[in-house]
file data-v4.cif (mmCIF, C-alpha atoms)
data_protein
loop_
_atom_site.label_atom_id
_atom_site.label_comp_id
_atom_site.auth_asym_id
_atom_site.auth_seq_id
_atom_site.Cartn_x
_atom_site.Cartn_y
_atom_site.Cartn_z
CA MET A 805 105.05 -35.97 84.11
CA ARG A 806 106.78 -34.89 87.26
CA PHE A 807 104.63 -34.94 90.37
CA LYS A 808 105.67 -33.43 93.65
CA CYS A 809 104.15 -36.34 95.53
CA ALA A 810 105.82 -38.97 93.33
CA GLU A 811 108.64 -41.14 94.57
CA LEU A 812 112.18 -39.92 94.17
CA LYS A 813 114.53 -41.66 91.78
CA GLU A 814 118.02 -42.85 92.51
CA TYR A 815 120.74 -41.66 90.17
CA GLN A 816 124.35 -42.64 90.09
CA ILE A 817 126.25 -39.63 88.83
CA VAL A 818 129.92 -39.68 87.93
CA GLY A 819 131.72 -36.45 87.26
CA LYS A 820 135.12 -34.88 87.32
CA PRO A 821 136.80 -31.49 87.25
CA LEU A 822 138.10 -30.45 83.88
CA SER A 823 141.80 -30.01 83.68
CA LYS A 824 143.34 -27.01 81.94
CA THR A 825 146.50 -28.99 81.24
CA ASN A 826 146.17 -32.56 80.08
CA GLU A 827 146.81 -34.07 83.51
CA LYS A 828 144.53 -36.66 84.98
CA THR A 829 141.92 -35.38 87.40
CA PRO A 830 140.14 -37.44 90.04
CA ILE A 831 136.73 -38.82 89.16
CA TYR A 832 133.92 -38.61 91.70
CA LYS A 833 130.83 -40.76 91.97
CA MET A 834 127.73 -39.84 93.89
CA ARG A 835 124.45 -41.43 94.74
CA ILE A 836 121.75 -38.80 94.33
CA PHE A 837 118.05 -39.09 95.16
CA ALA A 838 116.06 -36.63 93.08
CA PRO A 839 112.71 -36.38 91.31
CA ASP A 840 114.28 -35.99 87.88
CA GLU A 841 117.55 -35.75 85.98
CA ILE A 842 117.81 -31.98 86.11
CA VAL A 843 117.52 -31.81 89.86
CA ALA A 844 119.87 -34.79 90.14
CA LYS A 845 122.61 -33.02 88.21
CA SER A 846 122.05 -29.87 90.20
CA ARG A 847 122.36 -31.70 93.50
CA PHE A 848 125.45 -33.48 92.26
CA TRP A 849 127.21 -30.19 91.70
CA TYR A 850 125.85 -28.82 94.97
CA PHE A 851 127.42 -31.65 96.95
CA LEU A 852 130.59 -31.87 94.92
CA ARG A 853 131.16 -28.19 95.36
CA GLN A 854 130.82 -28.57 99.13
CA LEU A 855 133.14 -31.55 99.31
CA LYS A 856 135.74 -30.86 96.66
CA LYS A 857 137.07 -27.84 94.86
CA VAL A 858 134.96 -28.36 91.72
CA ARG A 859 132.28 -26.22 90.23
CA LYS A 860 129.85 -26.97 87.47
CA VAL A 861 131.68 -24.47 85.30
CA ASN A 862 134.97 -26.29 85.83
CA GLY A 863 133.64 -29.80 85.68
CA GLU A 864 131.77 -32.25 83.59
CA ILE A 865 129.41 -35.11 84.25
CA LEU A 866 130.75 -38.28 82.72
CA ARG A 867 127.84 -40.53 83.36
CA MET A 868 124.41 -40.38 84.90
CA THR A 869 122.46 -43.59 85.27
CA LEU A 870 119.07 -44.21 86.77
CA VAL A 871 119.42 -46.93 89.37
CA SER A 872 116.49 -49.29 89.25
CA ASN A 873 115.10 -51.27 92.13
CA SER A 874 116.71 -54.67 92.44
CA SER A 875 113.95 -56.40 94.40
CA PRO A 876 110.63 -54.55 94.29
CA THR A 877 108.74 -57.34 96.05
CA LYS A 878 111.00 -57.83 99.03
CA ILE A 879 110.45 -55.67 102.09
CA LYS A 880 113.66 -54.25 103.48
CA ASN A 881 114.72 -52.15 106.42
CA PHE A 882 116.66 -49.03 105.53
CA GLY A 883 118.92 -47.01 107.76
CA ILE A 884 119.25 -43.45 106.53
CA TRP A 885 121.88 -41.06 107.82
CA VAL A 886 120.62 -37.51 107.38
CA ARG A 887 122.07 -34.11 107.96
CA TYR A 888 119.51 -31.33 108.16
CA ASP A 889 119.31 -27.65 109.02
CA SER A 890 116.81 -26.75 111.67
CA ARG A 891 115.88 -23.19 112.50
CA SER A 892 118.71 -22.93 114.98
CA GLY A 893 121.47 -25.15 113.63
CA SER A 894 122.58 -28.19 111.71
CA HIS A 895 122.07 -31.71 113.05
CA ASN A 896 122.87 -35.29 112.16
CA MET A 897 120.28 -37.98 112.38
CA TYR A 898 119.94 -41.68 111.91
CA ARG A 899 116.48 -42.74 110.83
CA GLU A 900 115.01 -46.09 109.92
CA TYR A 901 112.30 -46.90 107.41
CA ARG A 902 110.73 -50.02 106.08
CA ASP A 903 110.07 -50.13 102.38
CA VAL A 904 110.31 -52.19 99.26
CA SER A 905 112.84 -49.90 97.59
CA THR A 906 115.65 -47.50 98.51
CA THR A 907 113.91 -44.67 96.73
CA GLY A 908 110.71 -45.40 98.61
CA ALA A 909 112.55 -45.26 101.91
CA VAL A 910 114.31 -42.00 101.02
CA THR A 911 111.02 -40.46 99.90
CA GLN A 912 109.50 -41.55 103.22
CA CYS A 913 112.43 -39.91 104.97
CA TYR A 914 111.83 -36.56 103.27
CA ARG A 915 108.13 -36.70 104.10
CA ASP A 916 108.90 -37.75 107.67
CA MET A 917 111.46 -34.97 108.18
CA ALA A 918 108.98 -32.44 106.87
CA ALA A 919 106.30 -33.74 109.18
CA ARG A 920 108.31 -34.22 112.36
CA HIS A 921 110.89 -31.45 112.04
CA ARG A 922 109.37 -29.05 109.50
CA ALA A 923 112.53 -29.58 107.45
CA ARG A 924 112.20 -28.63 103.80
CA ALA A 925 113.88 -30.68 101.12
CA HIS A 926 116.53 -28.06 100.45
CA SER A 927 117.78 -28.26 104.01
CA ILE A 928 118.05 -32.06 104.07
CA GLN A 929 121.16 -33.91 102.98
CA ILE A 930 121.00 -37.66 102.66
CA MET A 931 124.45 -38.78 103.69
CA LYS A 932 124.05 -42.51 103.54
CA VAL A 933 121.34 -45.05 102.81
CA GLU A 934 121.92 -48.66 103.71
CA GLU A 935 119.83 -51.76 103.90
CA VAL A 936 119.87 -52.91 107.51
CA LYS A 937 119.31 -56.45 108.67
CA ALA A 938 116.32 -56.96 110.94
CA GLY A 939 118.54 -57.80 113.90
CA ASP A 940 120.50 -54.58 113.57
CA CYS A 941 117.53 -52.25 113.49
CA LYS A 942 117.28 -49.79 116.33
CA ARG A 943 113.89 -48.12 116.08
CA PRO A 944 110.99 -49.84 117.87
CA ILE A 945 108.51 -48.84 115.17
CA ILE A 946 110.55 -50.84 112.67
CA LYS A 947 111.35 -53.66 115.06
CA GLN A 948 107.68 -54.25 115.83
CA MET A 949 107.19 -55.47 112.25
CA HIS A 950 109.92 -58.09 112.61
CA ASN A 951 107.60 -60.60 114.14
CA SER A 952 107.01 -63.61 111.92
CA THR A 953 103.63 -64.27 113.54
CA LEU A 954 102.59 -60.64 113.43
CA LYS A 955 98.86 -60.10 113.32
CA PHE A 956 96.53 -57.28 114.21
CA PRO A 957 92.82 -56.61 113.85
CA LEU A 958 91.33 -53.43 112.47
CA PRO A 959 89.23 -52.22 115.38
CA HIS A 960 86.72 -49.43 114.84
CA ARG A 961 87.45 -49.25 111.15
CA ILE A 962 86.29 -46.02 109.60
CA LEU A 963 86.30 -46.28 105.84
CA LYS A 964 85.92 -43.33 103.53
CA TYR A 965 82.28 -43.32 102.53
CA ASN A 966 81.40 -41.90 99.17
CA LYS A 967 79.37 -38.73 99.01
CA LYS A 968 76.23 -40.60 98.01
CA SER A 969 75.76 -41.98 101.50
CA ILE A 970 76.88 -39.05 103.61
CA PHE A 971 73.59 -39.12 105.52
CA VAL A 972 72.30 -42.55 106.44
CA ALA A 973 69.36 -43.81 108.45
CA GLU A 974 71.45 -46.13 110.62
CA ARG A 975 74.90 -45.76 112.09
CA PRO A 976 77.33 -47.69 109.87
CA SER A 977 79.07 -50.70 111.36
CA THR A 978 82.78 -50.25 111.96
CA MET A 979 83.39 -53.95 112.56
CA GLN A 980 86.08 -55.18 110.15
CA PRO B 1413 86.99 -75.05 129.80
CA LYS B 1414 85.01 -73.01 127.36
CA ILE B 1415 87.25 -70.79 125.26
CA PRO B 1416 85.55 -67.41 125.00
CA LYS B 1417 84.94 -66.08 121.51
CA MET B 1418 87.36 -63.27 120.66
CA LEU B 1419 85.93 -59.86 119.93
CA TYR B 1420 87.91 -59.61 116.74
CA GLN B 1421 87.71 -62.60 114.44
CA ARG B 1422 89.52 -61.25 111.42
CA PHE B 1423 93.13 -60.18 111.58
CA ILE B 1424 95.60 -58.74 109.16
CA GLU B 1425 98.18 -61.53 109.15
CA ILE B 1426 100.38 -63.51 106.82
CA GLY B 1427 98.14 -65.66 104.66
CA ARG B 1428 94.94 -63.70 105.22
CA VAL B 1429 92.79 -63.49 102.12
CA CYS B 1430 91.79 -59.92 101.43
CA TYR B 1431 89.45 -58.25 98.99
CA ILE B 1432 90.79 -55.17 97.22
CA ARG B 1433 88.14 -52.45 97.37
CA LEU B 1434 89.98 -49.58 95.73
CA GLY B 1435 92.83 -48.97 93.36
CA ASP B 1436 94.21 -50.67 90.29
CA HIS B 1437 93.08 -54.15 91.20
CA ALA B 1438 89.74 -53.27 92.71
CA GLY B 1439 87.29 -56.13 92.91
CA LYS B 1440 89.91 -58.87 93.18
CA SER B 1441 90.94 -61.04 96.08
CA CYS B 1442 94.53 -61.44 97.20
CA VAL B 1443 96.65 -62.90 99.97
CA VAL B 1444 98.73 -60.97 102.49
CA VAL B 1445 102.30 -62.13 102.02
CA ASP B 1446 104.08 -59.62 104.24
CA MET B 1447 103.48 -56.36 106.06
CA VAL B 1448 105.54 -53.27 105.34
CA ASP B 1449 104.21 -51.18 108.19
CA GLN B 1450 100.93 -50.47 109.96
CA LYS B 1451 99.41 -49.04 106.81
CA HIS B 1452 100.90 -51.05 103.94
CA LEU B 1453 100.79 -54.70 102.98
CA LEU B 1454 102.71 -56.78 100.48
CA VAL B 1455 100.00 -58.64 98.68
CA ASP B 1456 99.84 -61.34 96.02
CA GLY B 1457 96.95 -62.83 94.06
CA PRO B 1458 98.28 -65.42 91.63
CA GLU B 1459 94.84 -66.86 90.91
CA THR B 1460 93.06 -63.53 90.51
CA GLY B 1461 95.67 -61.65 88.52
CA VAL B 1462 96.92 -59.39 91.28
CA PRO B 1463 100.69 -58.99 90.90
CA ARG B 1464 102.89 -59.01 93.96
CA THR B 1465 102.61 -55.39 95.08
CA VAL B 1466 102.47 -53.13 98.07
CA ILE B 1467 99.00 -51.78 98.72
CA ARG B 1468 97.56 -49.58 101.44
CA LEU B 1469 95.45 -51.07 104.21
CA ASN B 1470 92.50 -48.83 103.44
CA GLN B 1471 92.30 -50.24 99.91
CA VAL B 1472 91.56 -53.62 101.37
CA ALA B 1473 88.77 -55.46 103.17
CA ILE B 1474 89.57 -58.52 105.28
CA THR B 1475 87.75 -61.77 104.60
CA ASP B 1476 87.45 -64.68 106.99
CA LEU B 1477 89.51 -66.94 104.73
CA LYS B 1478 93.10 -67.70 105.60
CA ILE B 1479 95.88 -69.91 104.29
CA THR B 1480 99.11 -70.96 105.95
CA ILE B 1481 102.16 -69.58 104.19
CA PRO B 1482 105.58 -68.59 105.45
CA ARG B 1483 106.32 -64.91 105.55
CA GLY B 1484 107.37 -63.49 102.19
CA CYS B 1485 107.11 -66.81 100.38
CA LYS B 1486 107.20 -67.05 96.61
CA THR B 1487 104.17 -66.62 94.38
CA LYS B 1488 104.35 -70.26 93.33
CA LYS B 1489 103.94 -71.34 96.94
CA VAL B 1490 101.08 -68.90 97.46
CA ARG B 1491 99.26 -70.36 94.45
CA GLN B 1492 99.90 -73.89 95.74
CA GLU B 1493 98.39 -73.13 99.14
CA LEU B 1494 95.49 -71.20 97.64
CA LEU B 1495 94.48 -74.11 95.46
CA LYS B 1496 95.05 -76.62 98.25
CA ALA B 1497 92.66 -74.71 100.51
CA GLU B 1498 90.25 -74.16 97.57
CA ILE B 1499 90.18 -70.46 98.27
CA PRO B 1500 88.92 -69.26 94.85
CA ALA B 1501 85.77 -71.39 95.19
CA LYS B 1502 85.25 -70.46 98.86
CA PHE B 1503 85.77 -66.78 98.15
CA ALA B 1504 83.26 -66.83 95.30
CA LYS B 1505 80.67 -68.06 97.82
CA SER B 1506 81.41 -65.30 100.34
CA SER B 1507 78.96 -62.44 100.72
CA LEU B 1508 81.60 -59.90 99.61
CA ALA B 1509 82.12 -61.67 96.31
CA ARG B 1510 78.42 -62.28 95.75
CA LYS B 1511 77.57 -58.63 96.46
CA ALA B 1512 80.31 -57.46 94.12
CA ALA B 1513 79.05 -59.80 91.41
CA ALA B 1514 75.47 -58.59 91.92
CA LYS B 1515 76.65 -54.98 91.69
CA ALA B 1516 78.51 -55.72 88.49
CA ALA B 1517 75.43 -57.46 87.11
CA THR B 1518 73.14 -54.48 87.83
CA ALA B 1519 75.69 -52.14 86.26
CA ASN B 1520 75.48 -54.16 83.07
CA LEU B 1521 71.71 -54.25 82.87
CA GLY B 1522 70.09 -53.07 79.69
CA ASP B 1523 67.10 -50.76 79.60
CA PHE B 1524 64.58 -53.59 79.35
CA GLU B 1525 66.18 -55.52 82.20
CA ARG B 1526 66.04 -52.41 84.37
CA PHE B 1527 62.33 -52.08 83.55
CA GLN B 1528 61.82 -55.73 84.44
CA SER B 1529 63.59 -55.37 87.78
CA ARG B 1530 61.55 -52.26 88.57
CA VAL B 1531 58.30 -54.10 87.83
CA ALA B 1532 59.41 -57.06 89.91
CA LYS B 1533 60.26 -54.78 92.84
CA THR B 1534 56.91 -53.00 92.61
CA LEU B 1535 55.00 -56.29 92.63
CA ARG B 1536 57.05 -57.59 95.55
CA ASN B 1537 56.59 -54.45 97.62
CA ARG B 1538 52.88 -54.42 96.84
CA LYS B 1539 52.57 -57.96 98.17
CA ILE B 1540 54.58 -57.15 101.30
CA ARG B 1541 52.53 -54.04 102.05
CA SER B 1542 49.23 -55.83 101.57
CA THR B 1543 50.33 -58.68 103.87
CA VAL B 1544 51.49 -56.22 106.53
CA LYS B 1545 48.16 -54.36 106.31
CA LYS B 1546 46.27 -57.58 106.90
CA MET B 1547 48.28 -58.28 110.08
#
call {"tool": "encode", "arguments": {"input": "data-v4.cif", "output": "structure tokens"}}
result
Amino acid sequence: MRFKCAELKEYQIVGKPLSKTNEKTPIYKMRIFAPDEIVAKSRFWYFLRQLKKVRKVNGEILRMTLVSNSSPTKIKNFGIWVRYDSRSGSHNMYREYRDVSTTGAVTQCYRDMAARHRARAHSIQIMKVEEVKAGDCKRPIIKQMHNSTLKFPLPHRILKYNKKSIFVAERPSTMQ
Amino acid sequence: PKIPKMLYQRFIEIGRVCYIRLGDHAGKSCVVVDMVDQKHLLVDGPETGVPRTVIRLNQVAITDLKITIPRGCKTKKVRQELLKAEIPAKFAKSSLARKAAAKAATANLGDFERFQSRVAKTLRNRKIRSTVKKM
């Protein structure tokens, strides 16, 4: 089932314009982040149309593969280059995220852009996603996790209490 | 000089043994292997059947047990250190584990056992109340 809140998937889509004569046409490959195959194909043509003189009518998709996560238990830093349309213009951005997978990082990026800039998914273009080494990271929020002896307490911890104990005789303890 | 006791004794850190309260692996203990961000941990529980996964901080309760492992080390090493520090046995003795076990036990009580526990409680409370009255 497709869930709006689910993580995006990474597709590698290869397509080319059809040729009316039997000449060779260039083949284009794109890295698309989409919730499913249908949206992935749609975005492929959207971008290809912007970048090259190809339309879905005049082209064909040669291959679409779902790219799986190579190391789902290794935490990586991702640098994401985004282009997005705000209410008054188009802007480029470089954003950093820490996640276990590329798709996780890109999903975080979409959520983050929506939260911080009210940018909807249709106005966001992911230009490049790259794994960045810890030393090359720029954002302090990401760099603060690069401490090998990192530790923090959980002060004043408020846990979600179930509805059974919504009224209690004594104030619950928030210590750890 | 006397080292003052810190206000916070338990930290989220590499090697901290945690108890998973919610989610897929609720009720199991695991070890913090790495931290993704302020709200997510990479966690591994080779002795309790928790696979190496990312979980949210609010799914987890910190225990006062800790092992020494390098950041992001392999599951084999985590298991080694866990067994060396005898964590499974120590965790089973902790109040968290004992409470969870007691809760599981009461959930599995049959009708007669529930009756027995009710009778036992009534007798105990009767005794307590009569002793208090005499005071």
call {"tool": "resolve_selection", "arguments": {"input": "data-v4.cif", "expression": "the PyMOL selection byres ((chain A and resi 860-866) around 7)", "output": "PDB file with C-alpha atoms, in the coordinates of the input"}}
result
ATOM      1  CA  VAL A 818     129.920 -39.680  87.930  1.00  0.00           C
ATOM      2  CA  GLY A 819     131.720 -36.450  87.260  1.00  0.00           C
ATOM      3  CA  LYS A 820     135.120 -34.880  87.320  1.00  0.00           C
ATOM      4  CA  PRO A 821     136.800 -31.490  87.250  1.00  0.00           C
ATOM      5  CA  LEU A 822     138.100 -30.450  83.880  1.00  0.00           C
ATOM      6  CA  TRP A 849     127.210 -30.190  91.700  1.00  0.00           C
ATOM      7  CA  VAL A 858     134.960 -28.360  91.720  1.00  0.00           C
ATOM      8  CA  ARG A 859     132.280 -26.220  90.230  1.00  0.00           C
ATOM      9  CA  ARG A 867     127.840 -40.530  83.360  1.00  0.00           C
TER      10      ARG A 867
END
call {"tool": "resolve_selection", "arguments": {"input": "data-v4.cif", "expression": "the PyMOL selection byres ((chain A and resi 870) around 9)", "output": "PDB file with C-alpha atoms, in the frame of the given file"}}
result
ATOM      1  CA  LYS A 813     114.530 -41.660  91.780  1.00  0.00           C
ATOM      2  CA  GLU A 814     118.020 -42.850  92.510  1.00  0.00           C
ATOM      3  CA  TYR A 815     120.740 -41.660  90.170  1.00  0.00           C
ATOM      4  CA  GLN A 816     124.350 -42.640  90.090  1.00  0.00           C
ATOM      5  CA  ILE A 817     126.250 -39.630  88.830  1.00  0.00           C
ATOM      6  CA  GLU A 841     117.550 -35.750  85.980  1.00  0.00           C
ATOM      7  CA  MET A 868     124.410 -40.380  84.900  1.00  0.00           C
ATOM      8  CA  THR A 869     122.460 -43.590  85.270  1.00  0.00           C
ATOM      9  CA  VAL A 871     119.420 -46.930  89.370  1.00  0.00           C
ATOM     10  CA  SER A 872     116.490 -49.290  89.250  1.00  0.00           C
TER      11      SER A 872
END
call {"tool": "residues_around", "arguments": {"input": "data-v4.cif", "residues": "segment 906-911 of chain A", "least_positions_apart": "3", "cutoff": "7 Å", "atoms": "all atoms listed in the file", "output": "ChimeraX atom specification"}}
result
/A:811-814,882,901-903,914-915
call {"tool": "interface_residues", "arguments": {"input": "data-v4.cif", "of": "chain A", "to": "chain B", "cutoff": "8 Å", "atoms": "all atoms listed in the file", "output": "PyMOL selection string"}}
result
chain A and resi 877-879+902-904+946+949+952-959+963+980
call {"tool": "atom_distance", "arguments": {"input": "data-v4.cif", "atom1": "atom CA of Val1531 of chain B", "atom2": "atom CA of Lys1505 of chain B"}}
result
28.2 Å
call {"tool": "residues_near_point", "arguments": {"input": "data-v4.cif", "point": "(114.9, -32.5, 106.1)", "cutoff": "9 Å", "atoms": "only C-alpha atoms", "output": "short mmCIF file (atom, residue, chain, number, x, y, z; two decimals) with C-alpha atoms, in the coordinates of the input"}}
result
data_model
loop_
_atom_site.label_atom_id
_atom_site.label_comp_id
_atom_site.auth_asym_id
_atom_site.auth_seq_id
_atom_site.Cartn_x
_atom_site.Cartn_y
_atom_site.Cartn_z
CA VAL A 886 120.62 -37.51 107.38
CA ARG A 887 122.07 -34.11 107.96
CA TYR A 888 119.51 -31.33 108.16
CA ASP A 889 119.31 -27.65 109.02
CA SER A 890 116.81 -26.75 111.67
CA CYS A 913 112.43 -39.91 104.97
CA TYR A 914 111.83 -36.56 103.27
CA ARG A 915 108.13 -36.70 104.10
CA ASP A 916 108.90 -37.75 107.67
CA MET A 917 111.46 -34.97 108.18
CA ALA A 918 108.98 -32.44 106.87
CA HIS A 921 110.89 -31.45 112.04
CA ARG A 922 109.37 -29.05 109.50
CA ALA A 923 112.53 -29.58 107.45
CA ARG A 924 112.20 -28.63 103.80
CA ALA A 925 113.88 -30.68 101.12
CA HIS A 926 116.53 -28.06 100.45
CA SER A 927 117.78 -28.26 104.01
CA ILE A 928 118.05 -32.06 104.07
CA GLN A 929 121.16 -33.91 102.98
CA ILE A 930 121.00 -37.66 102.66
#
call {"tool": "closest_residue", "arguments": {"input": "data-v4.cif", "among": "B:Lys1417, B:Arg1468, B:Lys1539, B:Lys1533", "to": "Lys1451 of chain B", "atoms": "all atoms listed in the file"}}
result
B:Arg1468
